[in-house]
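Here the structure comes first, spelled out in structure tokens, and everything after it is commentary.
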Amino acid sequence: MSFVKEMIGHSMDLWEGYVSHPFLQELTSGALPQEKLKRYIVQDSLYLREYARIFAVGLLKAPSMQDMAHLSSLISGTVQGEYLTRDRYLREFGVKDWEAESLLPENQAYLDYMMGEAQRGELPEIFAAVLPCMLSYCYIGRELMRRYPEQVAASPYADLIQDYGSDSYYELCRSDAAYADTLYGPLSLERKAHLKEIFRTASDYEMKFWDMSYREET
């Protein structure tokens, strides 16, 4: 069995909670207030900027050219791919200086956790920390489209859901999971148990990210 699938299974109770989260339910129905979406888009754009830097740490630790090529593609995909949909919303909301915005505490804590694992560990630890973001978005997109096809199609935010529920994103995630599995194959059971906990902790931070996006400002 794929070890990535084992890690997902270890955290599936958290992933199921994403789909029923109020933010994603309102995103699907189109009822999400624009200010809540704006807060999410700004924070997620800041997140993606730092997320790419975590892959860059992996690039420094990559043992082979093949590893370097894969990490380089992930940096490029994050900076030039995932950001594009958010850029449309940033322009629509009139946000020109989003990079000057402060990271909210939940966002900062999540990024600090991933960066800490990246700096302390090697590629197996880095991928255990970053995969929950990548793969859970695929899970969320596909589950929302499967469970609520008519609502998604009619939502003004359909593009955000459909980007992650698309076959092309699914294939990208399959490729990244397959690459990660090549890192995990020869590892000890003790190290794999630790990697499962890294994956679960990052999955918990994903839930806190949705909470952050939905909470009222104080």
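Ligands are numbered from 1 in the order shown, chains are lettered A, B, ... in the order of the structure tokens, and residues start at 1 in each chain.
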All alpha helix (DSSP H) residues (DSSP, backbone) inside chain A, as number ranges by chain: A: 3-19, 22-29, 34-61, 65-76, 83-92, 105-120, 123-147, 149-154, 158-165, 167-184, 189-214
Contacts of Gln43 in chain A within 9 Å, only C-alpha atoms, excl. fewer than 6 positions in-chain, as a list in words: Trp98, Glu101, Ser102, Leu103, Leu104, Asn107 and Ser213 of chain A
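CA of Ser136 in chain A is found 11.7 Å from CA of Tyr205 in chain A.
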Tell me which protein, DNA and RNA residues are within 8 Å of range 4-10 of chain A, counting only C-alpha atoms, leaving out same-chain ones fewer than 2 positions away, and put them as a PyMOL selection string. chain A and resi 1-2+12-13+177+180-181+195-196+199-200
Prev. selection, N, CA and C atoms, output as an mmCIF file, in the first residue's frame:
```cif
data_model
loop_
_atom_site.group_PDB
_atom_site.id
_atom_site.type_symbol
_atom_site.label_atom_id
_atom_site.label_comp_id
_atom_site.auth_asym_id
_atom_site.auth_seq_id
_atom_site.Cartn_x
_atom_site.Cartn_y
_atom_site.Cartn_z
ATOM 1 N N MET A 1 0.840 -1.193 0.000
ATOM 2 C CA MET A 1 0.000 0.000 0.000
ATOM 3 C C MET A 1 0.878 1.248 0.000
ATOM 4 N N SER A 2 0.491 2.227 -0.775
ATOM 5 C CA SER A 2 1.197 3.500 -0.803
ATOM 6 C C SER A 2 1.271 4.100 0.598
ATOM 7 N N MET A 12 -7.794 11.093 7.874
ATOM 8 C CA MET A 12 -9.030 11.251 7.116
ATOM 9 C C MET A 12 -10.169 11.854 7.935
ATOM 10 N N ASP A 13 -10.179 11.634 9.250
ATOM 11 C CA ASP A 13 -11.222 12.257 10.063
ATOM 12 C C ASP A 13 -11.146 13.779 9.976
ATOM 13 N N ALA A 177 2.352 12.547 -5.282
ATOM 14 C CA ALA A 177 2.247 11.478 -4.276
ATOM 15 C C ALA A 177 3.145 10.302 -4.652
ATOM 16 N N ALA A 180 6.645 11.214 -3.788
ATOM 17 C CA ALA A 180 6.853 11.126 -2.345
ATOM 18 C C ALA A 180 6.997 9.678 -1.898
ATOM 19 N N ASP A 181 6.237 8.780 -2.503
ATOM 20 C CA ASP A 181 6.325 7.368 -2.123
ATOM 21 C C ASP A 181 7.703 6.788 -2.414
ATOM 22 N N LEU A 195 6.539 10.402 10.526
ATOM 23 C CA LEU A 195 6.055 11.112 9.346
ATOM 24 C C LEU A 195 4.527 11.196 9.333
ATOM 25 N N LYS A 196 3.858 10.146 9.796
ATOM 26 C CA LYS A 196 2.394 10.181 9.891
ATOM 27 C C LYS A 196 1.934 11.287 10.835
ATOM 28 N N PHE A 199 2.333 14.646 9.115
ATOM 29 C CA PHE A 199 1.243 14.793 8.152
ATOM 30 C C PHE A 199 -0.050 15.166 8.879
ATOM 31 N N ARG A 200 -0.331 14.513 10.000
ATOM 32 C CA ARG A 200 -1.562 14.799 10.735
ATOM 33 C C ARG A 200 -1.537 16.207 11.347
#
```
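Residue nearest Ala129 in chain A, chosen from A:Arg91, A:Lys61, A:His194, A:Lys96 and counting only C-alpha atoms: A:His194.
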Please compute the CA of Glu125 in chain A-CA of Met212 in chain A distance, one decimal, in Å. 25.3 Å
So, with only C-alpha atoms as the atoms that count, which of A:Tyr157, A:Tyr170, A:Tyr148, A:Tyr139 lies closest to Leu14 in chain A? A:Tyr139
Using only C-alpha atoms, which residues sit within 8 Å of Leu59 in chain A once same-chain residues fewer than 4 positions away are excluded, as number ranges by chain? A: 55, 67-68, 71-72
With all heavy atoms retained, could you export that selection as a compact mmCIF listing (two decimals), in the first residue's frame?
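Final file, part-v9.txt:
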```txt
# COMPACT_ATOMS: atom_id res chain seq x y z
N PHE A 55 9.56 24.61 -0.36
CA PHE A 55 10.09 23.74 -1.41
C PHE A 55 11.54 24.13 -1.75
O PHE A 55 12.35 23.27 -2.08
CB PHE A 55 9.24 23.83 -2.67
CG PHE A 55 7.91 23.13 -2.57
CD1 PHE A 55 6.73 23.80 -2.84
CD2 PHE A 55 7.83 21.79 -2.21
CE1 PHE A 55 5.51 23.16 -2.75
CE2 PHE A 55 6.61 21.15 -2.11
CZ PHE A 55 5.44 21.83 -2.38
N ASP A 67 15.62 14.81 -8.06
CA ASP A 67 14.91 15.45 -6.95
C ASP A 67 14.85 16.96 -7.14
O ASP A 67 13.81 17.59 -6.89
CB ASP A 67 15.62 15.14 -5.62
CG ASP A 67 15.57 13.66 -5.28
OD1 ASP A 67 14.49 13.08 -5.30
OD2 ASP A 67 16.65 13.11 -4.98
N MET A 68 15.93 17.53 -7.58
CA MET A 68 15.97 18.98 -7.81
C MET A 68 14.97 19.38 -8.88
O MET A 68 14.28 20.41 -8.76
CB MET A 68 17.38 19.42 -8.20
CG MET A 68 18.41 19.28 -7.09
SD MET A 68 20.10 19.68 -7.61
CE MET A 68 19.96 21.46 -7.77
N LEU A 71 11.38 19.29 -7.37
CA LEU A 71 11.14 20.42 -6.48
C LEU A 71 11.05 21.73 -7.26
O LEU A 71 10.23 22.59 -6.93
CB LEU A 71 12.24 20.48 -5.43
CG LEU A 71 12.10 19.41 -4.35
CD1 LEU A 71 13.45 19.07 -3.73
CD2 LEU A 71 11.12 19.85 -3.27
N SER A 72 11.86 21.87 -8.27
CA SER A 72 11.79 23.08 -9.11
C SER A 72 10.43 23.20 -9.78
O SER A 72 9.86 24.30 -9.87
CB SER A 72 12.89 23.05 -10.17
OG SER A 72 14.17 23.10 -9.59
```
Using only C-alpha atoms, which protein or nucleic acid residues come within 10 Å of Trp210 in chain A? Drop anything in the same chain fewer than 3 positions from it, and give the result as a count of residues only. 14
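We find CA of Leu84 in chain A and CA of Ile140 in chain A to be spaced 19.2 Å apart.
Minimum atom-to-atom distance to Ile126 in chain A, evaluated using only C-alpha atoms, belongs to A:Tyr113 out of A:Tyr164, A:Phe93, A:Tyr83, A:Tyr113.
Counting only C-alpha atoms, Met145 in chain A has the following residues at most 8 Å away, ignoring those fewer than 6 positions along the same chain: Val152, Ile161, Gln162 and Gly165 of chain A.
For the residues A:Ala154, A:Cys173, A:Val79, A:Leu123, ranking by smallest atom-to-atom distance to Pro63 in chain A using only C-alpha atoms places A:Leu123 first.
Comparing A:Leu189, A:Val19, A:Cys133, A:Leu160 by their smallest distance to Tyr47 in chain A, the closest is A:Cys133 (using only C-alpha atoms).
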Excluding Val57 in chain A and any residue of its chain fewer than 3 positions from it, enumerate the residues within 8 Å of it, using only C-alpha atoms, and give them as an NGL selection string. :A and (53-54 or 60-61 or 118-119)
